[in-house]
$ cat run29.csv   # CSV, C-alpha atoms and all ligand atoms
chain,number,residue,atom,x,y,z
A,1,MET,CA,-47.7,-5.8,19.3
A,2,MET,CA,-45.0,-8.3,18.5
A,3,ALA,CA,-42.2,-5.9,19.5
A,4,ARG,CA,-43.8,-5.3,22.9
A,5,HIS,CA,-44.1,-9.0,23.5
A,6,GLY,CA,-40.4,-9.4,22.6
A,7,THR,CA,-39.4,-6.7,25.1
A,8,GLU,CA,-41.4,-8.2,27.9
A,9,GLN,CA,-39.7,-11.6,27.2
A,10,ASP,CA,-36.3,-10.0,27.3
A,11,ASP,CA,-37.0,-8.1,30.5
A,12,CYS,CA,-38.1,-11.2,32.5
A,13,VAL,CA,-34.4,-12.0,33.0
A,14,LEU,CA,-31.9,-9.3,32.9
A,15,PHE,CA,-28.2,-9.7,32.0
A,16,ALA,CA,-25.5,-7.2,32.3
A,17,VAL,CA,-21.7,-7.4,32.3
A,18,GLU,CA,-19.3,-4.8,33.8
A,19,HIS,CA,-15.7,-5.1,34.8
A,20,GLY,CA,-15.7,-8.9,34.3
A,21,ILE,CA,-18.8,-9.4,36.5
A,22,GLY,CA,-21.9,-10.9,34.8
A,23,ARG,CA,-25.2,-10.3,36.6
A,24,ILE,CA,-28.3,-12.4,35.9
A,25,THR,CA,-31.4,-11.0,37.5
A,26,LEU,CA,-34.6,-13.0,37.6
A,27,ASN,CA,-37.0,-10.2,37.0
A,28,ARG,CA,-40.7,-10.9,37.6
A,29,PRO,CA,-41.0,-9.6,41.1
A,30,ASP,CA,-44.8,-9.5,41.1
A,31,ARG,CA,-44.7,-13.4,40.6
A,32,LEU,CA,-41.8,-13.8,43.0
A,33,ASN,CA,-39.7,-14.5,39.9
A,34,ALA,CA,-41.5,-17.8,39.3
A,35,LEU,CA,-39.9,-19.5,36.3
A,36,SER,CA,-42.1,-19.0,33.2
A,37,LEU,CA,-41.4,-20.5,29.7
A,38,ALA,CA,-40.3,-17.0,28.6
A,39,MET,CA,-37.8,-17.0,31.4
A,40,HIS,CA,-36.4,-20.4,30.4
A,41,HIS,CA,-36.0,-19.1,26.8
A,42,ARG,CA,-34.3,-16.0,28.0
A,43,LEU,CA,-32.0,-17.8,30.4
A,44,SER,CA,-31.0,-20.1,27.6
A,45,ALA,CA,-30.1,-17.2,25.3
A,46,ILE,CA,-28.2,-15.6,28.2
A,47,LEU,CA,-26.2,-18.8,28.7
A,48,ASP,CA,-25.5,-18.9,25.0
A,49,GLU,CA,-24.0,-15.4,25.3
A,50,ILE,CA,-22.0,-16.3,28.5
A,51,GLU,CA,-20.6,-19.4,26.7
A,52,ARG,CA,-19.4,-17.2,23.8
A,53,ARG,CA,-17.8,-14.5,26.0
A,54,ASN,CA,-14.3,-14.6,27.2
A,55,ASP,CA,-14.3,-11.5,29.4
A,56,LEU,CA,-16.2,-12.8,32.4
A,57,ARG,CA,-14.5,-13.5,35.7
A,58,VAL,CA,-17.5,-14.2,37.9
A,59,LEU,CA,-21.3,-14.7,37.4
A,60,LEU,CA,-24.0,-13.6,39.8
A,61,LEU,CA,-27.5,-15.0,40.0
A,62,ILE,CA,-30.1,-12.9,42.0
A,63,GLY,CA,-33.8,-12.2,42.1
A,64,ALA,CA,-35.5,-8.8,41.7
A,65,GLY,CA,-37.8,-7.6,44.5
A,66,ARG,CA,-38.6,-9.5,47.7
A,67,ALA,CA,-38.0,-13.1,46.4
A,68,PHE,CA,-35.2,-15.0,44.8
A,69,CYS,CA,-37.4,-17.4,42.9
A,70,ALA,CA,-40.6,-19.3,43.6
A,71,GLY,CA,-39.9,-22.2,41.3
A,72,GLN,CA,-42.0,-23.2,38.3
A,73,ASP,CA,-44.7,-20.6,37.4
A,74,LEU,CA,-47.8,-22.5,38.4
A,75,SER,CA,-50.0,-20.2,36.4
A,76,GLU,CA,-48.6,-22.1,33.3
A,77,ARG,CA,-49.8,-25.4,34.7
A,78,PRO,CA,-53.6,-25.4,33.9
A,79,VAL,CA,-54.3,-28.6,35.8
A,80,GLU,CA,-58.1,-28.0,35.8
A,81,GLN,CA,-58.3,-28.2,32.0
A,82,THR,CA,-59.4,-31.4,30.3
A,83,GLY,CA,-57.3,-33.0,27.5
A,84,ALA,CA,-53.9,-34.4,27.4
A,85,PRO,CA,-52.0,-33.6,30.7
A,86,LEU,CA,-48.7,-31.7,30.4
A,87,ASP,CA,-45.7,-34.0,30.4
A,88,LEU,CA,-43.6,-32.7,33.3
A,89,GLY,CA,-40.8,-35.1,32.4
A,90,GLU,CA,-40.5,-33.3,29.1
A,91,SER,CA,-40.4,-30.0,31.0
A,92,LEU,CA,-37.4,-31.3,32.9
A,93,GLU,CA,-35.8,-32.8,29.9
A,94,LEU,CA,-36.1,-29.8,27.7
A,95,ARG,CA,-35.8,-26.9,30.2
A,96,TYR,CA,-34.8,-27.6,33.8
A,97,ASN,CA,-32.1,-30.2,33.3
A,98,PRO,CA,-30.3,-28.3,30.5
A,99,LEU,CA,-30.5,-25.1,32.7
A,100,VAL,CA,-29.0,-27.0,35.7
A,101,ARG,CA,-26.2,-28.5,33.6
A,102,ARG,CA,-25.4,-25.3,31.8
A,103,LEU,CA,-25.3,-23.2,35.0
A,104,MET,CA,-23.1,-25.7,36.7
A,105,ALA,CA,-20.7,-25.8,33.7
A,106,VAL,CA,-20.2,-22.0,33.3
A,107,ASN,CA,-16.4,-21.5,33.2
A,108,VAL,CA,-16.3,-18.8,35.9
A,109,PRO,CA,-17.4,-19.0,39.5
A,110,LEU,CA,-21.2,-18.8,40.0
A,111,LEU,CA,-22.3,-16.8,43.1
A,112,CYS,CA,-25.9,-17.0,44.0
A,113,ALA,CA,-27.4,-14.2,46.1
A,114,VAL,CA,-30.5,-15.4,47.7
A,115,ASN,CA,-32.2,-12.1,48.4
A,116,GLY,CA,-35.5,-13.6,49.5
A,117,VAL,CA,-37.6,-16.7,49.5
A,118,ALA,CA,-36.3,-19.5,47.2
A,119,ALA,CA,-38.9,-22.3,46.7
A,120,GLY,CA,-39.1,-25.4,44.5
A,121,ALA,CA,-36.9,-25.1,41.5
A,122,GLY,CA,-35.9,-21.7,42.8
A,123,ALA,CA,-34.2,-23.4,45.8
A,124,GLY,CA,-32.7,-25.9,43.4
A,125,LEU,CA,-31.1,-23.1,41.3
A,126,ALA,CA,-29.8,-21.4,44.4
A,127,LEU,CA,-28.1,-24.5,45.7
A,128,LEU,CA,-26.3,-25.4,42.5
A,129,ALA,CA,-24.1,-22.3,42.7
A,130,ASP,CA,-20.4,-22.5,43.7
A,131,MET,CA,-21.2,-20.1,46.6
A,132,VAL,CA,-24.5,-19.0,48.1
A,133,ILE,CA,-24.9,-15.9,50.2
A,134,ALA,CA,-28.4,-15.4,51.6
A,135,ALA,CA,-30.1,-12.5,53.3
A,136,GLU,CA,-31.1,-13.4,56.9
A,137,SER,CA,-34.8,-13.0,56.1
A,138,ALA,CA,-34.5,-15.4,53.1
A,139,ARG,CA,-35.8,-19.0,53.4
A,140,LEU,CA,-35.3,-22.1,51.3
A,141,ILE,CA,-38.3,-24.3,50.7
A,142,LEU,CA,-38.4,-27.6,49.0
A,143,SER,CA,-42.1,-27.0,48.2
A,144,PHE,CA,-42.3,-29.7,45.5
A,145,THR,CA,-44.1,-32.3,47.7
A,146,ARG,CA,-46.6,-29.6,48.8
A,147,ILE,CA,-48.0,-29.7,45.3
A,148,GLY,CA,-47.6,-33.4,44.7
A,149,LEU,CA,-44.2,-33.4,43.1
A,150,MET,CA,-40.7,-34.5,44.1
A,151,PRO,CA,-37.5,-32.4,44.2
A,152,ASP,CA,-35.9,-31.8,40.9
A,153,CYS,CA,-33.1,-29.5,39.5
A,154,GLY,CA,-30.6,-32.0,41.0
A,155,VAL,CA,-31.8,-31.3,44.5
A,156,SER,CA,-32.3,-35.0,45.3
A,157,TRP,CA,-28.7,-35.6,44.3
A,158,LEU,CA,-27.0,-32.6,45.8
A,159,LEU,CA,-28.8,-32.0,49.1
A,160,PRO,CA,-28.2,-35.3,50.9
A,161,ARG,CA,-24.6,-34.9,50.1
A,162,LEU,CA,-24.5,-31.3,51.4
A,163,ILE,CA,-26.5,-31.7,54.7
A,164,GLY,CA,-27.0,-35.5,55.1
A,165,GLN,CA,-29.9,-37.8,54.4
A,166,PRO,CA,-32.1,-37.0,57.5
A,167,ARG,CA,-32.1,-33.3,57.0
A,168,ALA,CA,-32.5,-33.5,53.3
A,169,LEU,CA,-35.3,-35.9,53.6
A,170,GLY,CA,-37.0,-34.0,56.4
A,171,MET,CA,-36.8,-30.8,54.4
A,172,ALA,CA,-38.2,-32.5,51.2
A,173,LEU,CA,-40.9,-34.5,52.9
A,174,THR,CA,-42.3,-31.7,55.0
A,175,GLY,CA,-41.8,-28.8,52.6
A,176,ASP,CA,-40.9,-26.7,55.7
A,177,ALA,CA,-39.2,-23.4,55.1
A,178,ILE,CA,-35.6,-23.4,56.3
A,179,PRO,CA,-34.4,-19.9,57.3
A,180,ALA,CA,-31.1,-18.7,55.9
A,181,ARG,CA,-29.3,-18.9,59.3
A,182,GLN,CA,-30.3,-22.6,59.6
A,183,ALA,CA,-29.3,-23.3,56.0
A,184,GLU,CA,-25.9,-21.8,56.9
A,185,ALA,CA,-25.6,-23.9,60.1
A,186,TRP,CA,-26.5,-27.0,58.2
A,187,GLY,CA,-23.8,-26.4,55.5
A,188,MET,CA,-26.3,-25.8,52.8
A,189,ILE,CA,-25.0,-22.4,51.9
A,190,TRP,CA,-21.8,-20.4,52.4
A,191,GLN,CA,-23.2,-17.5,54.4
A,192,ALA,CA,-26.3,-15.9,55.8
A,193,VAL,CA,-25.9,-12.1,56.5
A,194,PRO,CA,-28.1,-9.5,58.0
A,195,ASP,CA,-30.4,-7.9,55.4
A,196,ALA,CA,-28.7,-4.5,55.8
A,197,ALA,CA,-25.4,-6.0,54.9
A,198,PHE,CA,-26.6,-8.3,52.1
A,199,SER,CA,-25.8,-6.1,49.1
A,200,SER,CA,-22.4,-5.0,50.4
A,201,THR,CA,-21.4,-8.5,51.2
A,202,VAL,CA,-22.5,-9.8,47.8
A,203,GLU,CA,-20.6,-7.0,46.1
A,204,ALA,CA,-17.4,-7.6,48.1
A,205,MET,CA,-17.6,-11.3,47.3
A,206,LEU,CA,-18.0,-10.5,43.6
A,207,GLN,CA,-14.9,-8.3,43.7
A,208,THR,CA,-13.0,-11.0,45.4
A,209,LEU,CA,-14.0,-13.7,42.9
A,210,ALA,CA,-13.5,-11.4,39.9
A,211,GLN,CA,-9.9,-10.7,41.0
A,212,ALA,CA,-9.0,-14.2,41.8
A,213,PRO,CA,-7.0,-16.6,39.5
A,214,THR,CA,-10.0,-17.9,37.5
A,215,GLN,CA,-8.3,-21.0,36.2
A,216,ALA,CA,-7.3,-22.1,39.7
A,217,LEU,CA,-10.9,-21.5,40.9
A,218,MET,CA,-12.3,-23.6,38.1
A,219,ALA,CA,-9.9,-26.4,38.7
A,220,THR,CA,-10.9,-26.3,42.3
A,221,ARG,CA,-14.6,-26.5,41.5
A,222,HIS,CA,-14.0,-29.4,39.1
A,223,ALA,CA,-12.0,-31.3,41.6
A,224,MET,CA,-14.4,-30.7,44.5
A,225,ARG,CA,-17.7,-31.2,42.7
A,226,GLY,CA,-16.6,-34.4,41.2
A,227,ALA,CA,-14.9,-35.7,44.3
A,228,TRP,CA,-18.0,-37.6,45.4
A,229,LEU,CA,-17.7,-39.7,42.2
A,230,ARG,CA,-14.0,-40.6,42.5
A,231,ASP,CA,-11.9,-42.7,44.8
A,232,LEU,CA,-8.8,-41.3,46.5
A,233,ASP,CA,-6.4,-42.5,43.8
A,234,ALA,CA,-8.4,-40.9,41.0
A,235,GLN,CA,-8.6,-37.7,43.0
A,236,LEU,CA,-4.8,-37.7,43.7
A,237,GLU,CA,-4.2,-38.1,40.0
A,238,LEU,CA,-6.6,-35.3,39.1
A,239,GLU,CA,-4.8,-33.0,41.6
A,240,ARG,CA,-1.5,-33.9,40.1
A,241,ASP,CA,-2.6,-33.2,36.5
A,242,GLU,CA,-4.4,-30.0,37.4
A,243,GLN,CA,-1.5,-28.7,39.5
A,244,ARG,CA,0.8,-29.5,36.6
A,245,ARG,CA,-1.4,-27.4,34.3
A,246,LEU,CA,-1.8,-24.5,36.8
A,247,GLY,CA,1.9,-24.4,37.5
A,248,LEU,CA,2.4,-23.3,33.9
A,249,THR,CA,0.0,-20.4,34.1
A,250,GLU,CA,0.8,-16.7,34.2
A,251,ASP,CA,-1.4,-16.3,37.3
A,252,TYR,CA,0.7,-18.8,39.2
A,253,ARG,CA,3.9,-16.9,38.3
A,254,GLU,CA,2.2,-13.7,39.4
A,255,GLY,CA,0.9,-15.2,42.6
A,256,VAL,CA,4.4,-16.4,43.7
A,257,SER,CA,6.1,-13.2,42.6
A,258,ALA,CA,3.5,-11.1,44.5
A,259,PHE,CA,4.1,-13.2,47.6
A,260,ARG,CA,7.8,-12.7,47.4
A,261,ASP,CA,7.5,-8.9,46.7
A,262,LYS,CA,4.9,-8.6,49.6
A,263,ARG,CA,2.3,-7.0,47.3
A,264,GLN,CA,-1.2,-7.8,46.1
A,265,PRO,CA,-1.2,-10.1,43.1
A,266,GLN,CA,-2.8,-8.9,39.8
A,267,PHE,CA,-4.4,-12.0,38.4
A,268,ARG,CA,-5.4,-11.9,34.7
A,269,ALA,CA,-7.2,-15.3,34.3
A,270,ARG,CA,-4.3,-16.6,32.2
B,301,LIG,O1,-43.9,-28.0,36.2
B,301,LIG,C1,-42.8,-28.5,35.9
B,301,LIG,O2,-42.3,-28.1,34.8
B,301,LIG,C2,-42.1,-29.4,36.8
B,301,LIG,C3,-41.0,-28.7,37.6
B,301,LIG,C4,-41.3,-28.2,38.8
B,301,LIG,C5,-40.3,-27.4,39.6
B,301,LIG,C6,-41.0,-26.6,40.7
B,301,LIG,O3,-40.5,-25.5,41.0
B,301,LIG,S1,-42.3,-27.2,41.5
B,301,LIG,C7,-42.6,-26.0,42.8
B,301,LIG,C8,-43.4,-24.8,42.3
B,301,LIG,N1,-43.3,-23.7,43.3
B,301,LIG,C9,-44.1,-23.7,44.3
B,301,LIG,O4,-44.9,-24.6,44.6
B,301,LIG,C10,-44.0,-22.5,45.2
B,301,LIG,C11,-45.4,-21.7,45.2
B,301,LIG,N2,-45.3,-20.5,46.0
B,301,LIG,C12,-45.3,-20.5,47.3
B,301,LIG,O5,-45.4,-21.5,48.0
B,301,LIG,C13,-45.3,-19.2,48.0
B,301,LIG,O6,-45.7,-18.2,47.1
B,301,LIG,C14,-43.9,-18.8,48.6
B,301,LIG,C15,-43.7,-19.7,49.8
B,301,LIG,C16,-42.8,-19.0,47.6
B,301,LIG,C17,-44.0,-17.3,49.1
B,301,LIG,O7,-45.1,-17.1,49.9
B,301,LIG,P1,-45.6,-15.7,50.2
B,301,LIG,O8,-46.7,-15.8,51.2
B,301,LIG,O9,-44.4,-14.9,50.6
B,301,LIG,O10,-46.1,-15.0,48.8
B,301,LIG,P2,-47.4,-15.4,48.1
B,301,LIG,O11,-48.5,-14.4,48.5
B,301,LIG,O12,-47.7,-16.8,48.1
B,301,LIG,O13,-47.0,-15.0,46.5
B,301,LIG,C18,-47.0,-13.7,46.0
B,301,LIG,C19,-47.6,-13.7,44.6
B,301,LIG,O14,-46.7,-14.5,43.8
B,301,LIG,C20,-49.0,-14.4,44.6
B,301,LIG,O15,-49.7,-13.8,43.6
B,301,LIG,P3,-51.0,-12.8,44.0
B,301,LIG,O16,-51.9,-13.6,44.9
B,301,LIG,O17,-50.3,-11.6,44.6
B,301,LIG,O18,-51.6,-12.5,42.6
B,301,LIG,C21,-48.7,-15.8,44.2
B,301,LIG,O19,-49.7,-16.5,43.6
B,301,LIG,C22,-47.5,-15.6,43.2
B,301,LIG,N3,-46.7,-16.8,43.2
B,301,LIG,C23,-45.9,-17.3,44.1
B,301,LIG,N4,-45.3,-18.4,43.7
B,301,LIG,C24,-45.7,-18.6,42.4
B,301,LIG,C25,-46.6,-17.6,42.1
B,301,LIG,N5,-47.3,-17.6,40.9
B,301,LIG,C26,-47.0,-18.6,40.0
B,301,LIG,N6,-46.2,-19.6,40.3
B,301,LIG,C27,-45.5,-19.7,41.5
B,301,LIG,N7,-44.6,-20.7,41.7

$ encode --input "run29.csv" --output "structure tokens" --more "lines below"
Ligand code: T3D
Amino acid sequence: MMARHGTEQDDCVLFAVEHGIGRITLNRPDRLNALSLAMHHRLSAILDEIERRNDLRVLLLIGAGRAFCAGQDLSERPVEQTGAPLDLGESLELRYNPLVRRLMAVNVPLLCAVNGVAAGAGAGLALLADMVIAAESARLILSFTRIGLMPDCGVSWLLPRLIGQPRALGMALTGDAIPARQAEAWGMIWQAVPDAAFSSTVEAMLQTLAQAPTQALMATRHAMRGAWLRDLDAQLELERDEQRRLGLTEDYREGVSAFRDKRQPQFRAR
């Protein structure tokens, strides 16, 4: 009985690595991959493994079935029960906030493939990726206010910066579903693609990112994500320091050599 329980917990989020590509699949399709406590535990263990590994070049986050993720599993929120109410602040402190921080800090590019609806914390997880590719039929919903909550997972910080205050507020206050094409037009995601081309587009992007000079990509992420918090002088200094470091890497030497030789570079993340 115990072993079966363990297996179910492990299966709720899948993780596989091949050729430098790590794939995290949220895997409770009958619940639209709503985030249960077991999924949080499993994601935490997967992130432990990711932080230990040194063979990853890119990380994919995707959902199984017709949804990306429907946010917090509301079947784990028995609001009709009497007794001490659940402390949602604790839920954020212990689970959501560490998950957001750790996903944003993985030391390879994070690609989020939004295969279907992304609601609540599911939308939050999607938006924190370095790049988001969505199937055209997918939609993003800040469904928090629909159940009497406010946006979390850093959405209230990130979204106004991405798409501006009026759109971010409109989306959050109404809880309206934003189709993938509109999300792309608003600058919320990198690309919306026809459903038939979704898998091939995601795979092509994974290959591109896996073969890229990883250190240069991570320096770029670090510079751009933090740019909102720095003034121009600080940003110029950061660019100087990071360019100095990157100029000493094998990948830089390979990039320049390949350009001169008119061949494709073979970057090795060194
Ligand atoms: O609690 C804390 O720790 C605080 C943190 C909160 C973070 C949050 O994420 S709050 C927001 C929670 N999420 C939601 O409010 C979204 C709820 N879901 C929906 O609004 C809709 O399901 C969708 C818009 C995502 C999709 O709609 P639709 O019509 O395509 O599918 P559906 O029929 O509603 O759902 C299919 C099944 O999945 C259904 O189960 P059934 O009837 O077939 O047995 C539905 O109950 C289940 N499901 C969908 N979302 C959730 C869920 N079950 C549990 N939790 C869910 N979030």

$ residues_around --input "run29.csv" --residues "Ser75 of chain A" --least-positions-apart "2" --cutoff "12 Å" --atoms "only C-alpha atoms" --output "number ranges by chain"
A: 31, 34-37, 70-73, 77-80

$ closest_residue --input "run29.csv" --among "A:Thr145, A:Ser200, A:Thr220, A:Asn54" --to "Ala269 of chain A" --atoms "all atoms listed in the file"
A:Asn54

$ atom_distance --input "run29.csv" --atom1 "atom CA of Pro265 of chain A" --atom2 "atom CA of Thr208 of chain A"
12.1 Å

$ residues_near_ligand --input "run29.csv" --ligand "ligand LIG 301 (chain B)" --cutoff "9 Å" --atoms "all atoms listed in the file" --output "compact mmCIF listing (two decimals) with C-alpha atoms, in the frame of the given file"
# COMPACT_ATOMS: atom_id res chain seq x y z
CA PRO A 29 -41.00 -9.60 41.10
CA ASP A 30 -44.80 -9.50 41.10
CA ARG A 31 -44.70 -13.40 40.60
CA LEU A 32 -41.80 -13.80 43.00
CA ASN A 33 -39.70 -14.50 39.90
CA ALA A 34 -41.50 -17.80 39.30
CA LEU A 35 -39.90 -19.50 36.30
CA SER A 36 -42.10 -19.00 33.20
CA ARG A 66 -38.60 -9.50 47.70
CA ALA A 67 -38.00 -13.10 46.40
CA CYS A 69 -37.40 -17.40 42.90
CA ALA A 70 -40.60 -19.30 43.60
CA GLY A 71 -39.90 -22.20 41.30
CA GLN A 72 -42.00 -23.20 38.30
CA ASP A 73 -44.70 -20.60 37.40
CA LEU A 74 -47.80 -22.50 38.40
CA SER A 75 -50.00 -20.20 36.40
CA GLU A 76 -48.60 -22.10 33.30
CA ARG A 77 -49.80 -25.40 34.70
CA LEU A 86 -48.70 -31.70 30.40
CA ASP A 87 -45.70 -34.00 30.40
CA LEU A 88 -43.60 -32.70 33.30
CA GLY A 89 -40.80 -35.10 32.40
CA GLU A 90 -40.50 -33.30 29.10
CA SER A 91 -40.40 -30.00 31.00
CA LEU A 92 -37.40 -31.30 32.90
CA ARG A 95 -35.80 -26.90 30.20
CA TYR A 96 -34.80 -27.60 33.80
CA VAL A 117 -37.60 -16.70 49.50
CA ALA A 118 -36.30 -19.50 47.20
CA ALA A 119 -38.90 -22.30 46.70
CA GLY A 120 -39.10 -25.40 44.50
CA ALA A 121 -36.90 -25.10 41.50
CA GLY A 122 -35.90 -21.70 42.80
CA ALA A 123 -34.20 -23.40 45.80
CA GLY A 124 -32.70 -25.90 43.40
CA ARG A 139 -35.80 -19.00 53.40
CA LEU A 140 -35.30 -22.10 51.30
CA ILE A 141 -38.30 -24.30 50.70
CA LEU A 142 -38.40 -27.60 49.00
CA SER A 143 -42.10 -27.00 48.20
CA PHE A 144 -42.30 -29.70 45.50
CA THR A 145 -44.10 -32.30 47.70
CA ARG A 146 -46.60 -29.60 48.80
CA ILE A 147 -48.00 -29.70 45.30
CA GLY A 148 -47.60 -33.40 44.70
CA LEU A 149 -44.20 -33.40 43.10
CA MET A 150 -40.70 -34.50 44.10
CA PRO A 151 -37.50 -32.40 44.20
CA ASP A 152 -35.90 -31.80 40.90
CA CYS A 153 -33.10 -29.50 39.50
CA ALA A 177 -39.20 -23.40 55.10

$ residues_around --input "run29.csv" --residues "Glu18 of chain A" --least-positions-apart "4" --cutoff "12 Å" --atoms "only C-alpha atoms" --output "VMD selection string"
chain A and resid 22 to 24 55 to 60 206 to 207 210

$ atom_distance --input "run29.csv" --atom1 "atom CA of Arg102 of chain A" --atom2 "atom CA of Leu209 of chain A"
19.7 Å

$ residues_around --input "run29.csv" --residues "Thr249 of chain A" --least-positions-apart "4" --cutoff "9 Å" --atoms "only C-alpha atoms" --output "PDB file with C-alpha atoms, in the coordinates of the input"
ATOM      1  CA  GLN A 215      -8.300 -21.000  36.200  1.00  0.00           C
ATOM      2  CA  ARG A 245      -1.400 -27.400  34.300  1.00  0.00           C
ATOM      3  CA  ARG A 253       3.900 -16.900  38.300  1.00  0.00           C
ATOM      4  CA  GLU A 254       2.200 -13.700  39.400  1.00  0.00           C
ATOM      5  CA  ALA A 269      -7.200 -15.300  34.300  1.00  0.00           C
ATOM      6  CA  ARG A 270      -4.300 -16.600  32.200  1.00  0.00           C
TER       7      ARG A 270
END

$ residues_around --input "run29.csv" --residues "Leu61 of chain A" --least-positions-apart "6" --cutoff "9 Å" --atoms "all atoms listed in the file" --output "MDAnalysis selection string"
chainID A and resid 22:26 110:114 125:126 129

$ write_last_selection --input "run29.csv" --atoms "C-alpha atoms" --output "compact mmCIF listing (two decimals), in the coordinates of the input"
# COMPACT_ATOMS: atom_id res chain seq x y z
CA GLY A 22 -21.90 -10.90 34.80
CA ARG A 23 -25.20 -10.30 36.60
CA ILE A 24 -28.30 -12.40 35.90
CA THR A 25 -31.40 -11.00 37.50
CA LEU A 26 -34.60 -13.00 37.60
CA LEU A 110 -21.20 -18.80 40.00
CA LEU A 111 -22.30 -16.80 43.10
CA CYS A 112 -25.90 -17.00 44.00
CA ALA A 113 -27.40 -14.20 46.10
CA VAL A 114 -30.50 -15.40 47.70
CA LEU A 125 -31.10 -23.10 41.30
CA ALA A 126 -29.80 -21.40 44.40
CA ALA A 129 -24.10 -22.30 42.70

$ atom_distance --input "run29.csv" --atom1 "atom CA of Asn107 of chain A" --atom2 "atom CA of Met218 of chain A"
6.7 Å

$ closest_residue --input "run29.csv" --among "A:Leu246, A:Val193, A:Val155, A:Met104" --to "Asp130 of chain A" --atoms "all atoms listed in the file"
A:Met104

$ closest_residue --input "run29.csv" --among "A:Val256, A:Leu169, A:Val13, A:Ile133" --to "Ile189 of chain A" --atoms "all atoms listed in the file"
A:Ile133

$ closest_residue --input "run29.csv" --among "A:Ile62, A:Leu162, A:Pro194, A:Ile21" --to "Arg225 of chain A" --atoms "all atoms listed in the file"
A:Leu162

$ closest_residue --input "run29.csv" --among "A:Ala84, A:Glu136, A:Asp10, A:Arg53" --to "Ala196 of chain A" --atoms "all atoms listed in the file"
A:Glu136

$ residues_around --input "run29.csv" --residues "Ser137 of chain A" --least-positions-apart "3" --cutoff "8 Å" --atoms "only C-alpha atoms" --output "JSON, numbers by chain"
{"A": [116, 179, 180, 194, 195]}

$ decode --input "run29.csv" --residues "segment 79-91 of chain A" --atoms "N, CA and C atoms" --output "PDB file, in the first residue's frame"
ATOM      1  N   VAL A  79     -12.973  24.213   2.246  1.00  0.00           N
ATOM      2  CA  VAL A  79     -13.422  25.460   2.889  1.00  0.00           C
ATOM      3  C   VAL A  79     -14.722  25.288   3.675  1.00  0.00           C
ATOM      4  N   GLU A  80     -15.461  24.202   3.366  1.00  0.00           N
ATOM      5  CA  GLU A  80     -16.739  24.002   4.067  1.00  0.00           C
ATOM      6  C   GLU A  80     -16.552  23.408   5.463  1.00  0.00           C
ATOM      7  N   GLN A  81     -15.341  22.904   5.747  1.00  0.00           N
ATOM      8  CA  GLN A  81     -15.103  22.297   7.060  1.00  0.00           C
ATOM      9  C   GLN A  81     -14.988  23.359   8.148  1.00  0.00           C
ATOM     10  N   THR A  82     -15.481  23.021   9.318  1.00  0.00           N
ATOM     11  CA  THR A  82     -15.308  23.936  10.445  1.00  0.00           C
ATOM     12  C   THR A  82     -13.920  23.700  11.050  1.00  0.00           C
ATOM     13  N   GLY A  83     -13.511  24.554  11.945  1.00  0.00           N
ATOM     14  CA  GLY A  83     -12.178  24.408  12.541  1.00  0.00           C
ATOM     15  C   GLY A  83     -11.269  25.486  12.021  1.00  0.00           C
ATOM     16  N   ALA A  84     -10.017  25.392  12.397  1.00  0.00           N
ATOM     17  CA  ALA A  84      -9.052  26.431  12.023  1.00  0.00           C
ATOM     18  C   ALA A  84      -8.898  26.467  10.503  1.00  0.00           C
ATOM     19  N   PRO A  85      -9.071  27.652   9.885  1.00  0.00           N
ATOM     20  CA  PRO A  85      -8.915  27.734   8.423  1.00  0.00           C
ATOM     21  C   PRO A  85      -7.452  27.528   8.023  1.00  0.00           C
ATOM     22  N   LEU A  86      -7.274  27.037   6.821  1.00  0.00           N
ATOM     23  CA  LEU A  86      -5.924  26.835   6.305  1.00  0.00           C
ATOM     24  C   LEU A  86      -5.240  28.187   6.119  1.00  0.00           C
ATOM     25  N   ASP A  87      -3.980  28.272   6.471  1.00  0.00           N
ATOM     26  CA  ASP A  87      -3.213  29.512   6.304  1.00  0.00           C
ATOM     27  C   ASP A  87      -2.612  29.540   4.896  1.00  0.00           C
ATOM     28  N   LEU A  88      -3.238  30.311   4.008  1.00  0.00           N
ATOM     29  CA  LEU A  88      -2.746  30.355   2.626  1.00  0.00           C
ATOM     30  C   LEU A  88      -1.408  31.094   2.535  1.00  0.00           C
ATOM     31  N   GLY A  89      -1.161  31.994   3.486  1.00  0.00           N
ATOM     32  CA  GLY A  89       0.152  32.653   3.525  1.00  0.00           C
ATOM     33  C   GLY A  89       1.246  31.619   3.736  1.00  0.00           C
ATOM     34  N   GLU A  90       0.941  30.649   4.601  1.00  0.00           N
ATOM     35  CA  GLU A  90       1.919  29.590   4.839  1.00  0.00           C
ATOM     36  C   GLU A  90       2.112  28.740   3.580  1.00  0.00           C
ATOM     37  N   SER A  91       1.022  28.515   2.882  1.00  0.00           N
ATOM     38  CA  SER A  91       1.119  27.750   1.633  1.00  0.00           C
ATOM     39  C   SER A  91       2.052  28.457   0.647  1.00  0.00           C
TER      40      SER A  91
END
